[in-house]
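Right, one structure below, let's go through it.
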Amino acid sequence: MPVKTFNPYTPSRRFISVEDFSNLTKKEPEKSLTKSLYKKGGRNNTGEVMVRHQGGGHKRRYRIIDFNRDKLEVPGKVIAIEYDPNRNARIALLQYSDGEKRYIIHPVGLEVGQSVVSGHDAEINTGNCLSLSEIPEGTLVHNIELLPGRGGKLVRAAGGAAQLMAKEGAYATLKMPSGEVRLIPISCKATIGQVGNVDHENVTLGNAGRSRHMGIRPTVRGTAMNSVDHPHGGGRGKSKGANHPSSPWNQPAKGYKTRSKKVWDWLIIQRRQRAAAEVPE
């Protein structure tokens with residue numbers, strides 16, 4: 001999907017780019033597959049801000065996506081490709097042969113009128129969902145389960161694709177979009193193909209108003225604050241207050257290990273930081 005730019009008739013318009021929505025075939029969502037989405041503004045149940053810089057934004061309705069793909073051996077026909085305000089990927093509306101409708105993540109190359117299916121006998125075609133044990137090595141996949149039957153958790157963002165590298169015993173080896181190489185139980189399901197809307201990463205918001213429209217509030221630099229508000233605050237000129245880079249609560253921001261749970265560590269063969277360091281210049 002190409003990205004549109006504009007003539008710079010205002011300073012901000014010079015940098016703004018937007019997605020081309022020419023491949024969308026339906027404007028309004030399927031009402032039976034939506035539900036209310038309440039704004040929380042980054043707050044928990046007691047009203048405290050847990051995640052800063054969230055709030056406002058346009059009102060949305062949540063689209064119920066079928067990440068489980070548990071309608072087995074029933075072919076579904078793609079009847080529409082739609083925009084989803086809750087994710088950067090597009091969604092495809094399927095109508096199954098028994099009349100039921102469901103949304104799935106739209107992969108590259110899946111067009112209106114094509115059919116997809118989930119199950120053991122599915123062909124290796126874009127949009128079909130199978131167990132990793134039934135997918136050939138080298139295939140690009142997305143919407144990957146971490147545990148069998150729990151639904152797809154990995155590789156769901158626009159342009160994302162993981163590659164099935166090898167299969168041995170009870171685990172399959174996948175190379176993730178980040179460069180991480182990890183093991184996934186071979187009975188977990190994955191969907192064939194790459195997530196659509198690949199050009200999303202090339203979009204530039206260009207002005208503050210578009211960020212506010214998306215529910216992103218301003219981020220103030222710590223060095224612009226007073227010393228009482230941030231470890232980087234205070235001092236004369238551009239000073240960090242003689243402190244190392246840190247959060248407002250004085251937790252180190254560079255190199256400090258924050259991960260405490262090691263339950264998944266043995267499944268990770270190569271971490272993404274190491275993979276990035278090994279890329280030749």
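By convention in this document, the chains of the structure tokens carry letters A, B, ... by their order, each chain's residues are numbered from 1, and ligands are numbered from 1 in the order they are shown.
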Q: Would you please extract all strand (DSSP E) residues from stretch 95-281 of chain A, as assigned by DSSP on the backbone, and give them as a VMD selection string?
A: chain A and resid 95 to 96 101 to 105 115 to 116 129 to 131 140 to 142 144 to 145 152 to 154 162 to 168 171 to 175 181 to 185 189 to 192 268 to 270
At a cut-off of 12 Å, using only C-alpha atoms, what residues contact A:Arg212? Leave out same-chain residues fewer than 6 positions from it and give the result as a short mmCIF file (atom, residue, chain, number, x, y, z; two decimals) with C-alpha atoms, in the first residue's frame.
data_model
loop_
_atom_site.label_atom_id
_atom_site.label_comp_id
_atom_site.auth_asym_id
_atom_site.auth_seq_id
_atom_site.Cartn_x
_atom_site.Cartn_y
_atom_site.Cartn_z
CA HIS A 53 1.21 10.10 27.95
CA GLN A 54 -2.14 8.42 27.25
CA GLY A 55 -5.50 10.17 27.05
CA GLY A 56 -7.98 11.83 24.75
CA GLY A 57 -8.14 10.71 21.17
CA HIS A 58 -11.00 9.79 18.87
CA LEU A 205 2.61 11.94 11.67
CA GLY A 206 4.09 15.37 11.00
CA PRO A 218 2.78 15.18 25.04
CA THR A 219 6.05 13.84 26.43
#
Q.
Would you pick out the contacts of A:Ile64 at 9 Å or less, using only C-alpha atoms, so that residues sharing its chain but fewer than 3 positions from it are not included, and give the list as a list in words?
A. Leu33, Thr34, Lys35, Arg102, Tyr103 and Ile104 of chain A
Any chance you could export the current selection's N, CA and C atoms as a tab-separated table (two decimals), in the first residue's frame?
chain	number	residue	atom	x	y	z
A	33	LEU	N	-19.69	-7.76	15.21
A	33	LEU	CA	-18.32	-8.12	15.57
A	33	LEU	C	-17.59	-6.96	16.23
A	34	THR	N	-18.35	-6.00	16.79
A	34	THR	CA	-17.73	-4.88	17.50
A	34	THR	C	-18.29	-4.81	18.92
A	35	LYS	N	-17.56	-4.14	19.79
A	35	LYS	CA	-18.04	-3.88	21.15
A	35	LYS	C	-17.45	-2.57	21.63
A	102	ARG	N	-16.45	-13.71	10.72
A	102	ARG	CA	-15.37	-13.43	11.65
A	102	ARG	C	-14.33	-12.53	11.00
A	103	TYR	N	-13.62	-11.77	11.86
A	103	TYR	CA	-12.51	-10.95	11.40
A	103	TYR	C	-11.20	-11.71	11.61
A	104	ILE	N	-10.26	-11.55	10.67
A	104	ILE	CA	-8.89	-12.02	10.86
A	104	ILE	C	-7.93	-10.89	10.45
With stretch 11-32 of chain A as the partner and 12 Å as the cut-off, tabulate the residues of stretch 200-220 of chain A that qualify, each row holding the nearest pair of atoms and their distance in Å to one decimal, using only C-alpha atoms, sorted by chain and rising number, as JSON lines.
{"residue": "A:His200", "atom": "CA", "partner": "A:Glu19", "partner_atom": "CA", "distance": 7.0}
{"residue": "A:Glu201", "atom": "CA", "partner": "A:Glu19", "partner_atom": "CA", "distance": 10.0}
{"residue": "A:Asn202", "atom": "CA", "partner": "A:Ser17", "partner_atom": "CA", "distance": 8.2}
{"residue": "A:Val203", "atom": "CA", "partner": "A:Ser17", "partner_atom": "CA", "distance": 5.4}
{"residue": "A:Thr204", "atom": "CA", "partner": "A:Ser17", "partner_atom": "CA", "distance": 5.3}
{"residue": "A:Leu205", "atom": "CA", "partner": "A:Ile16", "partner_atom": "CA", "distance": 5.6}
{"residue": "A:Gly206", "atom": "CA", "partner": "A:Ile16", "partner_atom": "CA", "distance": 4.3}
{"residue": "A:Asn207", "atom": "CA", "partner": "A:Ser12", "partner_atom": "CA", "distance": 5.9}
{"residue": "A:Ala208", "atom": "CA", "partner": "A:Ser12", "partner_atom": "CA", "distance": 9.3}
{"residue": "A:Gly209", "atom": "CA", "partner": "A:Ser12", "partner_atom": "CA", "distance": 10.3}
{"residue": "A:Arg210", "atom": "CA", "partner": "A:Ile16", "partner_atom": "CA", "distance": 9.6}
{"residue": "A:Ser211", "atom": "CA", "partner": "A:Ile16", "partner_atom": "CA", "distance": 11.8}
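We find atom CA of A:Lys238 and atom CA of A:Ala224 to be spaced 8.3 Å apart.
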Q. Which of these residues is nearest to A:His120, using only C-alpha atoms: A:Met176, A:Leu132, A:Ile91, A:Leu154?
A. A:Leu132
Considering only C-alpha atoms, return as a PDB file with N, CA and C atoms, in the first residue's frame whatever protein or nucleic-acid residues lie within 10 Å of A:Ser97, sequence-local ones (same chain, fewer than 4 positions apart) excluded.
ATOM      1  N   VAL A  74     -13.599 -25.640   7.915  1.00  0.00           N
ATOM      2  CA  VAL A  74     -14.738 -24.920   7.320  1.00  0.00           C
ATOM      3  C   VAL A  74     -14.177 -23.773   6.499  1.00  0.00           C
ATOM      4  N   PRO A  75     -14.341 -23.784   5.175  1.00  0.00           N
ATOM      5  CA  PRO A  75     -13.790 -22.697   4.361  1.00  0.00           C
ATOM      6  C   PRO A  75     -14.522 -21.379   4.595  1.00  0.00           C
ATOM      7  N   GLY A  76     -13.753 -20.297   4.603  1.00  0.00           N
ATOM      8  CA  GLY A  76     -14.319 -18.962   4.769  1.00  0.00           C
ATOM      9  C   GLY A  76     -13.928 -18.087   3.597  1.00  0.00           C
ATOM     10  N   LYS A  77     -14.892 -17.353   3.059  1.00  0.00           N
ATOM     11  CA  LYS A  77     -14.652 -16.500   1.907  1.00  0.00           C
ATOM     12  C   LYS A  77     -14.425 -15.061   2.375  1.00  0.00           C
ATOM     13  N   LYS A 101     -19.729 -15.065  10.458  1.00  0.00           N
ATOM     14  CA  LYS A 101     -18.744 -14.079  10.029  1.00  0.00           C
ATOM     15  C   LYS A 101     -17.713 -13.871  11.134  1.00  0.00           C
TER      16      LYS A 101
END
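Considering the residues A:Ser260, A:Thr223, A:Gln95, A:Gln194 and counting only C-alpha atoms, A:Gly109 has its shortest atom-to-atom contact with A:Gln194.
Restricting the calculation to only C-alpha atoms, the smallest distance between A:Thr191 and any of A:Asn68, A:Asn44, A:Ser178, A:Ser115 is found for A:Asn68.
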